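Here is the file structure.txt (compact mmCIF, C-alpha atoms).
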# COMPACT_ATOMS: atom_id res chain seq x y z
CA MET A 1 10.02 8.59 -18.52
CA THR A 2 6.96 7.59 -20.51
CA ALA A 3 4.70 9.45 -18.07
CA LEU A 4 6.91 12.55 -18.37
CA ILE A 5 6.80 12.45 -22.17
CA VAL A 6 3.00 12.16 -22.16
CA LEU A 7 2.70 14.99 -19.62
CA VAL A 8 4.95 17.31 -21.63
CA PHE A 9 3.10 16.38 -24.82
CA LEU A 10 -0.28 17.21 -23.28
CA LEU A 11 0.93 20.49 -21.78
CA VAL A 12 2.50 21.62 -25.04
CA TYR A 13 -0.61 20.86 -27.05
CA LEU A 14 -2.77 22.53 -24.42
CA GLY A 15 -0.60 25.62 -24.78
CA LEU A 16 -0.85 25.46 -28.56
CA PHE A 17 -4.63 25.20 -28.31
CA LEU A 18 -4.97 28.06 -25.82
CA GLY A 19 -2.32 30.25 -27.41
CA GLY A 20 -0.21 30.03 -24.22
CA LEU A 21 -0.23 28.53 -20.74
CA PRO A 22 -2.05 30.22 -17.84
CA SER A 23 0.17 32.49 -15.71
CA LEU A 24 3.12 32.05 -18.12
CA GLN A 25 4.09 34.88 -20.45
CA LEU A 26 4.67 32.53 -23.36
CA ASP A 27 3.13 32.35 -26.81
CA ARG A 28 2.79 29.14 -28.81
CA THR A 29 6.41 29.25 -29.92
CA GLY A 30 7.59 29.66 -26.34
CA VAL A 31 5.42 26.78 -25.14
CA ALA A 32 6.83 24.44 -27.79
CA LEU A 33 10.39 25.53 -26.99
CA LEU A 34 9.80 25.02 -23.27
CA GLY A 35 8.54 21.49 -23.89
CA ALA A 36 11.66 20.68 -25.93
CA ILE A 37 13.89 22.11 -23.18
CA LEU A 38 12.17 19.95 -20.55
CA LEU A 39 12.74 16.80 -22.59
CA LEU A 40 16.40 17.70 -23.12
CA ALA A 41 17.01 18.67 -19.48
CA THR A 42 15.58 15.38 -18.22
CA ASP A 43 17.63 13.29 -20.70
CA VAL A 44 14.52 11.91 -22.35
CA ILE A 45 16.09 12.80 -25.67
CA GLU A 46 19.69 13.65 -26.52
CA MET A 47 20.99 16.61 -28.46
CA ASP A 48 22.20 14.37 -31.30
CA GLN A 49 18.64 13.14 -31.75
CA VAL A 50 17.43 16.73 -31.98
CA TRP A 51 19.83 17.58 -34.78
CA GLN A 52 18.94 14.37 -36.63
CA ALA A 53 15.25 15.33 -36.51
CA ILE A 54 15.89 18.71 -38.17
CA HIS A 55 15.71 18.73 -41.97
CA LEU A 56 17.68 21.79 -43.04
CA PRO A 57 16.54 21.92 -46.70
CA THR A 58 12.92 22.14 -45.55
CA LEU A 59 13.73 24.88 -43.05
CA ALA A 60 15.64 26.80 -45.71
CA LEU A 61 12.75 26.53 -48.17
CA LEU A 62 10.22 27.59 -45.54
CA PHE A 63 12.36 30.51 -44.39
CA ALA A 64 12.93 31.76 -47.93
CA PHE A 65 9.25 31.82 -48.87
CA MET A 66 8.29 33.41 -45.57
CA VAL A 67 10.75 36.21 -46.35
CA ILE A 68 9.17 36.73 -49.77
CA SER A 69 5.64 36.52 -48.33
CA ALA A 70 6.51 39.00 -45.61
CA GLN A 71 7.84 41.43 -48.21
CA LEU A 72 4.57 41.24 -50.14
CA ARG A 73 2.61 41.78 -46.95
CA LEU A 74 4.66 44.86 -46.05
CA SER A 75 4.30 46.17 -49.60
CA GLY A 76 0.51 46.12 -49.23
CA PHE A 77 -0.01 43.42 -51.86
CA TYR A 78 -2.46 41.33 -49.84
CA ASP A 79 -4.47 44.43 -48.95
CA TRP A 80 -4.53 45.30 -52.63
CA VAL A 81 -5.90 41.86 -53.53
CA VAL A 82 -8.85 42.33 -51.16
CA TRP A 83 -9.33 45.86 -52.48
CA ARG A 84 -9.52 44.55 -56.04
CA LEU A 85 -12.08 41.94 -55.02
CA ASP A 86 -14.18 44.66 -53.43
CA ARG A 87 -13.73 46.97 -56.44
CA SER A 88 -15.19 44.28 -58.70
CA ALA A 89 -18.57 44.82 -56.97
CA LEU A 90 -19.50 41.15 -57.30
CA PRO A 91 -22.72 39.82 -55.75
CA PRO A 92 -22.08 38.02 -52.44
CA VAL A 93 -22.38 34.54 -54.01
CA PHE A 94 -19.66 35.24 -56.56
CA LEU A 95 -17.59 37.32 -54.16
CA LEU A 96 -17.41 34.25 -51.93
CA GLY A 97 -16.11 32.23 -54.87
CA ALA A 98 -13.60 34.94 -55.74
CA VAL A 99 -12.28 34.97 -52.16
CA ILE A 100 -11.89 31.18 -52.29
CA LEU A 101 -10.05 31.31 -55.61
CA ALA A 102 -7.74 34.17 -54.60
CA SER A 103 -6.91 32.62 -51.25
CA ALA A 104 -6.18 29.23 -52.83
CA LEU A 105 -3.94 30.65 -55.56
CA LEU A 106 -1.92 32.77 -53.14
CA SER A 107 -1.58 29.95 -50.62
CA ALA A 108 -0.35 27.56 -53.30
CA VAL A 109 2.71 29.77 -53.75
CA PHE A 110 3.16 31.68 -50.50
CA SER A 111 2.80 30.64 -46.90
CA ASN A 112 -0.87 29.99 -46.18
CA ASP A 113 -0.42 31.33 -42.64
CA ILE A 114 0.75 34.72 -43.88
CA VAL A 115 -2.03 34.84 -46.49
CA CYS A 116 -4.66 34.36 -43.77
CA LEU A 117 -3.05 36.75 -41.30
CA ALA A 118 -2.59 39.47 -43.90
CA MET A 119 -5.96 39.21 -45.63
CA ALA A 120 -8.35 38.43 -42.76
CA PRO A 121 -8.45 41.92 -41.11
CA VAL A 122 -8.85 43.71 -44.45
CA LEU A 123 -11.50 41.25 -45.61
CA ALA A 124 -13.47 41.70 -42.38
CA ASP A 125 -13.37 45.50 -42.76
CA THR A 126 -14.43 45.21 -46.38
CA CYS A 127 -17.41 43.02 -45.47
CA ARG A 128 -18.48 45.42 -42.75
CA ALA A 129 -18.24 48.39 -45.10
CA ARG A 130 -20.46 46.56 -47.61
CA ARG A 131 -22.91 45.55 -44.85
CA LEU A 132 -22.01 41.87 -45.41
CA ALA A 133 -21.73 39.26 -42.68
CA PRO A 134 -17.98 38.56 -42.49
CA VAL A 135 -18.12 34.98 -41.16
CA PRO A 136 -18.79 33.16 -44.47
CA PHE A 137 -16.01 35.07 -46.20
CA LEU A 138 -13.51 34.52 -43.38
CA LEU A 139 -14.35 30.80 -43.39
CA ALA A 140 -13.82 30.81 -47.14
CA LEU A 141 -10.42 32.45 -46.68
CA ALA A 142 -9.29 29.93 -44.04
CA CYS A 143 -10.58 26.81 -45.78
CA ALA A 144 -9.34 27.80 -49.24
CA ALA A 145 -5.90 28.70 -47.86
CA ASN A 146 -5.49 25.19 -46.46
CA LEU A 147 -6.80 23.54 -49.61
CA GLY A 148 -4.82 25.73 -51.98
CA SER A 149 -1.59 25.17 -50.09
CA ALA A 150 -1.89 21.44 -50.83
CA ALA A 151 -1.64 22.08 -54.58
CA THR A 152 2.15 22.59 -54.61
CA LEU A 153 5.24 21.41 -52.78
CA ILE A 154 5.82 24.91 -51.37
CA GLY A 155 2.31 25.76 -50.16
CA ASN A 156 2.80 24.65 -46.55
CA PRO A 157 5.55 23.21 -44.31
CA GLN A 158 4.14 19.68 -44.50
CA ASN A 159 4.32 19.62 -48.28
CA MET A 160 7.79 21.12 -48.19
CA LEU A 161 9.02 18.38 -45.85
CA ILE A 162 7.40 15.58 -47.86
CA GLY A 163 8.67 16.96 -51.15
CA GLU A 164 12.22 17.48 -49.94
CA ARG A 165 12.45 14.15 -48.11
CA LEU A 166 11.11 12.10 -51.00
CA GLY A 167 12.66 14.19 -53.77
CA LEU A 168 9.30 14.66 -55.50
CA ASP A 169 9.11 16.40 -58.86
CA PHE A 170 7.49 19.83 -58.56
CA GLY A 171 5.57 19.70 -61.83
CA GLY A 172 4.58 16.07 -61.42
CA TYR A 173 3.11 16.71 -57.99
CA LEU A 174 1.23 19.77 -59.27
CA VAL A 175 -0.40 17.74 -62.02
CA GLN A 176 -1.47 15.08 -59.52
CA ALA A 177 -2.77 17.53 -56.90
CA ILE A 178 -4.61 20.10 -59.00
CA ALA A 179 -7.75 18.00 -59.56
CA PRO A 180 -8.48 17.04 -55.91
CA VAL A 181 -7.65 20.55 -54.74
CA GLY A 182 -9.98 22.06 -57.34
CA LEU A 183 -12.74 19.65 -56.33
CA GLY A 184 -12.19 20.54 -52.66
CA LEU A 185 -12.48 24.25 -53.42
CA ALA A 186 -15.74 23.72 -55.32
CA VAL A 187 -17.18 21.65 -52.46
CA THR A 188 -16.08 24.33 -49.97
CA TRP A 189 -17.93 26.98 -51.97
CA LEU A 190 -21.09 24.87 -52.09
CA ILE A 191 -20.96 24.05 -48.37
CA LEU A 192 -20.52 27.71 -47.42
CA LEU A 193 -23.37 28.68 -49.73
CA GLY A 194 -25.57 26.13 -47.97
CA LEU A 195 -24.53 27.28 -44.51
CA SER A 196 -25.13 30.94 -45.31
CA ARG A 197 -28.65 30.22 -46.61
CA ARG A 198 -28.57 33.50 -48.53
CA ARG A 199 -28.28 35.49 -45.32
CA TRP A 200 -25.40 37.58 -46.61
CA HIS A 201 -26.11 40.90 -44.97
CA LEU A 202 -25.63 41.91 -41.36
CA ALA A 203 -28.63 41.06 -39.23
CA ALA A 204 -28.41 44.13 -37.02
CA PRO A 205 -29.63 47.43 -38.52
CA VAL A 206 -26.51 49.47 -39.02
CA ALA A 207 -27.87 52.34 -41.12
CA ALA A 208 -28.48 54.44 -38.02
CA ASN A 209 -24.91 54.07 -36.84
CA PRO A 210 -23.03 57.18 -38.00
CA GLU A 211 -19.64 55.62 -37.34
CA LEU A 212 -20.34 52.69 -39.67
CA ASP A 213 -21.93 55.03 -42.21
CA SER A 214 -18.80 57.18 -42.21
CA GLU A 215 -16.57 54.15 -42.55
CA ALA A 216 -18.61 52.77 -45.43
CA THR A 217 -18.54 56.13 -47.22
CA SER A 218 -14.78 56.37 -46.80
CA HIS A 219 -14.39 52.83 -48.06
CA ARG A 220 -16.39 53.55 -51.21
CA GLN A 221 -14.38 56.72 -51.83
CA ARG A 222 -11.12 54.80 -51.60
CA ALA A 223 -12.44 52.34 -54.17
CA GLU A 224 -12.47 55.14 -56.73
CA ASP A 225 -8.75 55.78 -56.32
CA GLN A 226 -5.59 53.73 -56.33
CA ALA A 227 -5.36 51.11 -53.59
CA PRO A 228 -3.88 52.83 -50.52
CA GLY A 229 -0.49 51.79 -49.24
CA LEU A 230 0.60 49.70 -52.23
CA ASP A 231 4.35 49.82 -52.88
CA ARG A 232 4.44 48.97 -56.57
CA TRP A 233 8.19 48.40 -56.82
CA GLN A 234 8.35 46.03 -53.85
CA THR A 235 5.27 44.20 -55.11
CA VAL A 236 6.61 43.79 -58.64
CA LYS A 237 9.98 42.68 -57.30
CA GLY A 238 8.45 40.12 -54.96
CA LEU A 239 6.13 38.70 -57.61
CA GLY A 240 8.92 38.71 -60.19
CA VAL A 241 11.25 36.73 -57.92
CA THR A 242 8.43 34.32 -57.17
CA GLY A 243 7.70 33.80 -60.86
CA ILE A 244 11.37 33.08 -61.59
CA LEU A 245 11.50 30.59 -58.71
CA LEU A 246 8.41 28.76 -59.94
CA CYS A 247 9.90 28.44 -63.43
CA ALA A 248 13.14 27.17 -61.92
CA PHE A 249 11.28 24.63 -59.78
CA LEU A 250 9.48 23.35 -62.87
CA PHE A 251 12.37 23.20 -65.33
CA ALA A 252 15.74 23.47 -63.54
CA PRO A 253 17.43 20.48 -61.86
CA TRP A 254 18.92 22.54 -59.01
CA PRO A 255 17.88 22.05 -55.35
CA ARG A 256 14.73 23.97 -54.47
CA ASP A 257 16.02 25.10 -51.08
CA LEU A 258 19.10 26.78 -52.58
CA LEU A 259 17.05 28.41 -55.32
CA ALA A 260 14.57 29.73 -52.77
CA LEU A 261 17.35 31.13 -50.56
CA ALA A 262 18.85 32.88 -53.57
CA GLY A 263 15.42 34.33 -54.40
CA ALA A 264 14.93 35.53 -50.82
CA GLY A 265 18.33 37.22 -51.00
CA LEU A 266 17.35 39.00 -54.21
CA ARG A 267 13.98 40.14 -52.91
As structure tokens:
Amino acid sequence: MTALIVLVFLLVYLGLFLGGLPSLQLDRTGVALLGAILLLATDVIEMDQVWQAIHLPTLALLFAFMVISAQLRLSGFYDWVVWRLDRSALPPVFLLGAVILASALLSAVFSNDIVCLAMAPVLADTCRARRLAPVPFLLALACAANLGSAATLIGNPQNMLIGERLGLDFGGYLVQAIAPVGLGLAVTWLILLGLSRRRWHLAAPVAANPELDSEATSHRQRAEDQAPGLDRWQTVKGLGVTGILLCAFLFAPWPRDLLALAGAGLR
């Protein structure tokens, strides 16, 4: 039984690392589910143990904020954030810092996974249109999302589980976490500045490429107008519900999971 558990563990983590197992039409979720089924089918674990391992308040909180985050993604909010960063016309050094700050703030409230998935493609296109190397900015997005999500008890699933299990105070945790998270963001900015070594622009000459020239021109023209694809009502509604939830988490004694589910229902 021990050998079987170790084998299943290794196969599942191999599938998570590769994004799936060779010759199997399964994504990461399917690989994890298959591993759980194998352990259940071989009586390594019992169904009662499975239910005892599930913490429903954490799942409810995670589900609710993923619903709200998904609404903001579909409304074009995350695209709009990147568009605003580009519209500011900051030098690359300060644009990197702005990306770090925006990613951290969003990930502290919404799911850091959705923030990265929604912003990464738009950020890469923006960098290419400005003739900037996208790697430093994408690294900034990923690192800041992880750091920023640690600032609150709703930023990532791990914090949700810890906060719900231990009954931690939302405001008290925020006060304790804000300093180390801020320091981590500053160190991230400095490290990325050092790694970039001021080589911000694309190494390959792209001026002779008419396709990139056309894309850059189109991008600059869009910057003069309203951000494309932004649903203002859905964005305002999603941000409004989020603001109400944060105030309730800080000042109301009610369970966070129930408040979040109510907010997701109102979204």
**Request:** May I have the residues at most 8 Å from (15.7, 20.5, -46.0) in the file's coordinates, counting only C-alpha atoms, as a list in words?
**Result:**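 The answer, in the requested form, is His55, Leu56, Pro57, Thr58, Leu59, Ala60, Leu61, Leu161, Glu164, Arg165 and Asp257 of chain A.
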**Request:** Have a look at A:Val115, A:Leu138, A:Ala150, A:Ile45 and name the one nearest to A:Ala179; count all atoms listed in the file.
**Result:**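 Smallest distance to A:Ala179 is found for A:Ala150.
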**Prompt:** Which of these, A:Arg28, A:Arg198, A:Arg130, A:Arg84, has the shortest distance to A:Tyr13 once you count only C-alpha atoms?
**Reply:**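 When distances to A:Tyr13 are compared using only C-alpha atoms, the smallest one comes from A:Arg28.
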**Request:** Just the residues within 12 Å of A:Phe17, please, counting all atoms listed in the file, with nothing from its chain fewer than 4 positions along; format it as a PyMOL selection string.
**Result:** chain A and resi 10-13+21-22+27-29+31-32
**stretch 98-102 of chain A surroundings by only C-alpha atoms, 7 Å radius, close-in-sequence under 6 positions cut, as a list in words** =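 The residues satisfying every condition are Ala140, Leu141 and Ala144 of chain A.
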**Request:** Considering all atoms listed in the file, return as a list of chain:residue names whatever protein or nucleic-acid residues lie within 12 Å of A:Leu132, sequence-local ones (same chain, fewer than 4 positions apart) excluded.
**Result:**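 With the cut-off at 12 Å, the set is A:Asp86, A:Pro91, A:Pro92, A:Val93, A:Leu95, A:Leu96, A:Leu123, A:Ala124, A:Asp125, A:Thr126, A:Cys127, A:Arg128, A:Pro136, A:Phe137, A:Leu138, A:Ser196, A:Arg198, A:Arg199, A:Trp200, A:His201, A:Leu202, A:Ala203, A:Ala204, A:Pro205, A:Val206, A:Ala216.
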**Fill in**
Between A:Val122, A:Ala36, A:Ile178, A:Leu24, smallest distance to A:Trp80 by all atoms listed in the file belongs to A:Val122
**Request:** Just give me the gap between atom CA of A:Phe251 and atom CA of A:Gly172 in Å, one decimal is fine.
**Result:**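 Taking atom CA of A:Phe251 and atom CA of A:Gly172, their separation equals 11.3 Å.
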**Request:** Please indicate the distance in Å from atom CA of A:Val135 to atom CA of A:Leu230, rounded to one decimal place.
**Result:**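 Separation between atom CA of A:Val135 and atom CA of A:Leu230: 26.3 Å.
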